[in-house]
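Okay, structure first, notes after.
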Amino acid sequence: MQLYNTLSAKERAALIEEAGQERLTISFYKYAQIGNPSIFRNHLFIRWNELDVLGRIYVAHEGINAQLSVPAENFEAFKEHLDSITFLENVRLNIAIEQDNMSFLKLKVKVREKIVADGLEDNAFDVTNKGIHVDAEKFNELIEDPNTVLVDMRNHYESEIGRFKNAITPDVDTFRDSLDIIEKDLAEHKEDKKLVMYCTGGIRCEKASAYYKHKGFKNVYQLEGGIIEYTRQVTNKKLENKFLGKNFVFDHRRGERITEDVIANCHQCGSPCDTHVNCANEACHLLFIQCETCAEAMDNCCSVDCKDIHALPFEEQKKLRKGKTVSNKIFKKGRSEVLKFKK
């Protein structure tokens, strides 16, 4: 019985291309009490592997957080399987604004301590006492209210390429870093302002809204379904789109174009650009913003040093990496001093 992915990304990409079938990129999450995450994890892998589902899924005692690529022809079977699981019946599915058959190239279902690393002690407060969920129309109304404080619950590299007008965007690398910083910065507004939050698909705001209510914020709101669902609603309902730029996503696409506004710049030359890439030097793998001109000049690398290493024969590169930390697992995000125009 197969319980883990056996194909490389390259092998999977070739199979997808050969099949020539449309795939859908989907994300969803659900907080629920899961007694045995390992058994549940295996159950999901076996069934989803049969349906040729690919993606990154985290399972924990507190629930599930999933980002997936599903063959369009298998979508109904996939949805039927979700609905057969009691706590996932009719779960909201965020379908990507921009589709890409190569958004995920492996099926990884992992058991984690939490489905989002938030650093919180959940026993210290009521995680079910969440903020008020609002749709796109109500959200637009709230953020025009002078008594509203709008907060982006994402990381700096996400908000750098796209955000809502007038949003507070914490300069943080992780979600857990932002929680206490935001509470401290907004402490004087706990009673007199409406705290309105948003993130990519809504999951970070679920826990954060309960945390801030526990910390004394009286009026807490969160954008239902995050930026993904907001974009769908403003399009379908012909509402004013108050988001600018791209929505960063955690798959091979790196971003979805929401509006034509380019609010970021190339980290190497400073020209307008919002395309995230990873440094081609496998020993670096830095995530940064790079324009086409710099990509060509730097051989898709973040620095001259990395460019020189990337030009070496593959076996030479492996020798240089031997015995060193695999830095692409650290996944540094645009903080390198070699980037002259980083945020």
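How things are named: the first chain in the structure tokens is A, the next is B, and so on; residues count from 1 in each chain; ligands count from 1 in the order shown.
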Next item on the list: Would you kindly return, as an MDAnalysis selection string, each protein, DNA or RNA residue with an atom no farther than 12 Å from any atom of A:Glu50, considering only C-alpha atoms and excluding same-chain residues fewer than 3 positions away?
Entry: chainID A and resid 1:3 5 43:47 53:54 70:71 74 77:78 81 107
Writer output for current selection, N, CA and C atoms, as a PDB file, in the first residue's frame:
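selection.pdb, freshly written:
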ATOM      1  N   MET A   1       0.843  -1.198   0.000  1.00  0.00           N
ATOM      2  CA  MET A   1       0.000   0.000   0.000  1.00  0.00           C
ATOM      3  C   MET A   1       0.885   1.256   0.000  1.00  0.00           C
ATOM      4  N   GLN A   2       0.695   2.124  -0.984  1.00  0.00           N
ATOM      5  CA  GLN A   2       1.527   3.328  -1.091  1.00  0.00           C
ATOM      6  C   GLN A   2       0.999   4.428  -0.179  1.00  0.00           C
ATOM      7  N   LEU A   3       1.895   4.939   0.681  1.00  0.00           N
ATOM      8  CA  LEU A   3       1.488   5.990   1.620  1.00  0.00           C
ATOM      9  C   LEU A   3       2.287   7.270   1.443  1.00  0.00           C
ATOM     10  N   ASN A   5       4.635   9.848  -1.591  1.00  0.00           N
ATOM     11  CA  ASN A   5       4.958  10.165  -2.972  1.00  0.00           C
ATOM     12  C   ASN A   5       6.221   9.416  -3.408  1.00  0.00           C
ATOM     13  N   HIS A  43      -5.409   7.936   5.389  1.00  0.00           N
ATOM     14  CA  HIS A  43      -6.680   7.815   4.668  1.00  0.00           C
ATOM     15  C   HIS A  43      -6.743   8.816   3.512  1.00  0.00           C
ATOM     16  N   LEU A  44      -6.373  10.057   3.791  1.00  0.00           N
ATOM     17  CA  LEU A  44      -6.391  11.088   2.752  1.00  0.00           C
ATOM     18  C   LEU A  44      -5.410  10.756   1.633  1.00  0.00           C
ATOM     19  N   PHE A  45      -4.202  10.346   1.996  1.00  0.00           N
ATOM     20  CA  PHE A  45      -3.194  10.077   0.974  1.00  0.00           C
ATOM     21  C   PHE A  45      -3.646   8.960   0.031  1.00  0.00           C
ATOM     22  N   ILE A  46      -4.140   7.878   0.591  1.00  0.00           N
ATOM     23  CA  ILE A  46      -4.553   6.733  -0.237  1.00  0.00           C
ATOM     24  C   ILE A  46      -5.639   7.141  -1.229  1.00  0.00           C
ATOM     25  N   ARG A  47      -6.672   7.829  -0.746  1.00  0.00           N
ATOM     26  CA  ARG A  47      -7.784   8.195  -1.637  1.00  0.00           C
ATOM     27  C   ARG A  47      -7.369   9.261  -2.637  1.00  0.00           C
ATOM     28  N   VAL A  53      -4.498  13.566  -7.117  1.00  0.00           N
ATOM     29  CA  VAL A  53      -4.432  14.856  -6.428  1.00  0.00           C
ATOM     30  C   VAL A  53      -2.980  15.112  -6.036  1.00  0.00           C
ATOM     31  N   LEU A  54      -2.529  16.343  -6.212  1.00  0.00           N
ATOM     32  CA  LEU A  54      -1.187  16.748  -5.793  1.00  0.00           C
ATOM     33  C   LEU A  54      -1.331  17.941  -4.857  1.00  0.00           C
ATOM     34  N   VAL A  70      -5.965  19.428  -8.500  1.00  0.00           N
ATOM     35  CA  VAL A  70      -6.854  18.306  -8.785  1.00  0.00           C
ATOM     36  C   VAL A  70      -7.179  18.259 -10.277  1.00  0.00           C
ATOM     37  N   PRO A  71      -7.083  17.105 -10.934  1.00  0.00           N
ATOM     38  CA  PRO A  71      -7.523  17.030 -12.329  1.00  0.00           C
ATOM     39  C   PRO A  71      -8.986  17.448 -12.424  1.00  0.00           C
ATOM     40  N   ASN A  74     -11.599  14.902 -12.265  1.00  0.00           N
ATOM     41  CA  ASN A  74     -11.762  14.187 -10.996  1.00  0.00           C
ATOM     42  C   ASN A  74     -12.330  15.071  -9.890  1.00  0.00           C
ATOM     43  N   ALA A  77     -15.428  13.697  -7.994  1.00  0.00           N
ATOM     44  CA  ALA A  77     -15.076  12.572  -7.116  1.00  0.00           C
ATOM     45  C   ALA A  77     -14.331  13.070  -5.882  1.00  0.00           C
ATOM     46  N   PHE A  78     -13.474  14.065  -6.086  1.00  0.00           N
ATOM     47  CA  PHE A  78     -12.740  14.657  -4.974  1.00  0.00           C
ATOM     48  C   PHE A  78     -13.709  15.325  -3.994  1.00  0.00           C
ATOM     49  N   HIS A  81     -15.641  12.852  -2.003  1.00  0.00           N
ATOM     50  CA  HIS A  81     -14.852  12.294  -0.904  1.00  0.00           C
ATOM     51  C   HIS A  81     -14.797  13.259   0.277  1.00  0.00           C
ATOM     52  N   LEU A 107       2.375  14.965  -4.051  1.00  0.00           N
ATOM     53  CA  LEU A 107       1.349  14.891  -3.014  1.00  0.00           C
ATOM     54  C   LEU A 107       2.053  14.688  -1.683  1.00  0.00           C
TER      55      LEU A 107
END
Per residue of stretch 137-204 of chain A within 12 Å of stretch 119-131 of chain A, note the shortest atom pair and the distance in Å to one decimal, counting only C-alpha atoms, and order the rows by chain and increasing residue number, as a tab-separated table.
residue	atom	partner	partner_atom	distance
A:Thr174	CA	A:Gly119	CA	10.3
A:Phe175	CA	A:Gly119	CA	8.8
A:Arg176	CA	A:Gly119	CA	5.6
A:Asp177	CA	A:Gly119	CA	8.6
A:Ser178	CA	A:Gly119	CA	10.6
A:Leu179	CA	A:Gly119	CA	9.2
A:Asp180	CA	A:Leu120	CA	10.3
A:Lys194	CA	A:Gly131	CA	10.7
A:Leu195	CA	A:Gly131	CA	9.2
A:Val196	CA	A:Gly131	CA	8.9
A:Met197	CA	A:Gly131	CA	9.3
A:Tyr198	CA	A:Gly131	CA	11.4
A:Gly202	CA	A:Gly131	CA	11.6
A:Ile203	CA	A:Lys130	CA	11.6
A:Arg204	CA	A:Lys130	CA	11.6
Note to self: Quick one: residues within 9 Å of stretch 13-20 of chain A, only C-alpha atoms, excluding same-chain residues fewer than 5 positions away - as a ChimeraX atom specification?
What the structure shows: /A:8,101-102,105
Just-selected residues, N, CA and C atoms written as a short mmCIF file (atom, residue, chain, number, x, y, z; two decimals), in the first residue's frame:
data_model
loop_
_atom_site.label_atom_id
_atom_site.label_comp_id
_atom_site.auth_asym_id
_atom_site.auth_seq_id
_atom_site.Cartn_x
_atom_site.Cartn_y
_atom_site.Cartn_z
N SER A 8 9.58 11.97 -8.62
CA SER A 8 10.22 13.28 -8.49
C SER A 8 9.34 14.33 -9.16
N ASN A 101 -1.40 24.14 -14.44
CA ASN A 101 -1.35 22.69 -14.27
C ASN A 101 -0.15 22.23 -13.45
N MET A 102 0.87 23.09 -13.35
CA MET A 102 2.09 22.72 -12.63
C MET A 102 2.18 23.38 -11.26
N LEU A 105 3.54 19.56 -7.78
CA LEU A 105 4.10 18.42 -8.52
C LEU A 105 4.29 17.17 -7.65
#
Margin query: Could you check the closest approach to A:Leu223 for each of A:His133, A:Val277, A:Asp261, A:Asn155 and tell me which residue wins, using only C-alpha atoms?
Written below: A:His133
Next item on the list: Apply DSSP to the backbone of this structure and, from stretch 18-201 of chain A, keep only the residues in strand (DSSP E); write these as a ChimeraX atom specification.
Entry: /A:23-31,54-60,63-71,94-95,107-111,132-134,148-152,162-164,194-198
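Ranking A:Ala136, A:Ala297, A:Leu286, A:Ile95 by their shortest atom-to-atom distance to A:Glu337, with only C-alpha atoms included, puts A:Leu286 first.
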Check: Which is closer to A:Leu24 than all the others in A:Asn281, A:Thr6, A:Ser103, A:Ser69, using only C-alpha atoms?
Finding: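 Among the listed residues, the smallest separation from A:Leu24 belongs to A:Ser69.
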Next item on the list: Record the distance separating atom CA of A:Leu142 and atom CA of A:Tyr221, expressed in Å with one decimal.
Entry: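 Interatomic distance, atom CA of A:Leu142 to atom CA of A:Tyr221: 9.1 Å.
When only C-alpha atoms are used to measure the gap to A:Ile227, the shortest distance among A:Tyr31, A:Phe75, A:Phe139, A:Phe87 belongs to A:Phe139.
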Next item on the list: For A:Glu183, list every protein, DNA or RNA residue within 12 Å, evaluated using only C-alpha atoms, and leave out those in the same chain fewer than 5 positions away; present the list as a PyMOL selection string.
Entry: chain A and resi 149+151+153+170+177-178+188-190+195+208-209+211-217
Next item on the list: May I ask which of the residues A:Ser336, A:Ser271, A:Ser84, A:Asn247 is the closest one to A:His285, counting only C-alpha atoms?
Entry: A:Ser336
Note to self: Just checking: using only C-alpha atoms, which residue out of A:Cys279, A:Ile228, A:Leu339, A:Ala295 ends up closest to A:Ala96?
What the structure shows: A:Ile228
Next item on the list: Among the residues of stretch 80-148 of chain A, find those DSSP assigns to alpha helix (DSSP H) from the backbone and print them as a VMD selection string.
Entry: chain A and resid 80 to 83 136 to 143
Next item on the list: Quote the spacing between atom CA of A:Gln222 and atom CA of A:Asn147 in Å to one decimal place.
Entry: 15.4 Å
Check: Could you pull the residues within 10 Å of A:Thr259, counting only C-alpha atoms, minus those fewer than 4 positions along the same chain, as a ChimeraX atom specification?
Finding: /A:162,231,241-247
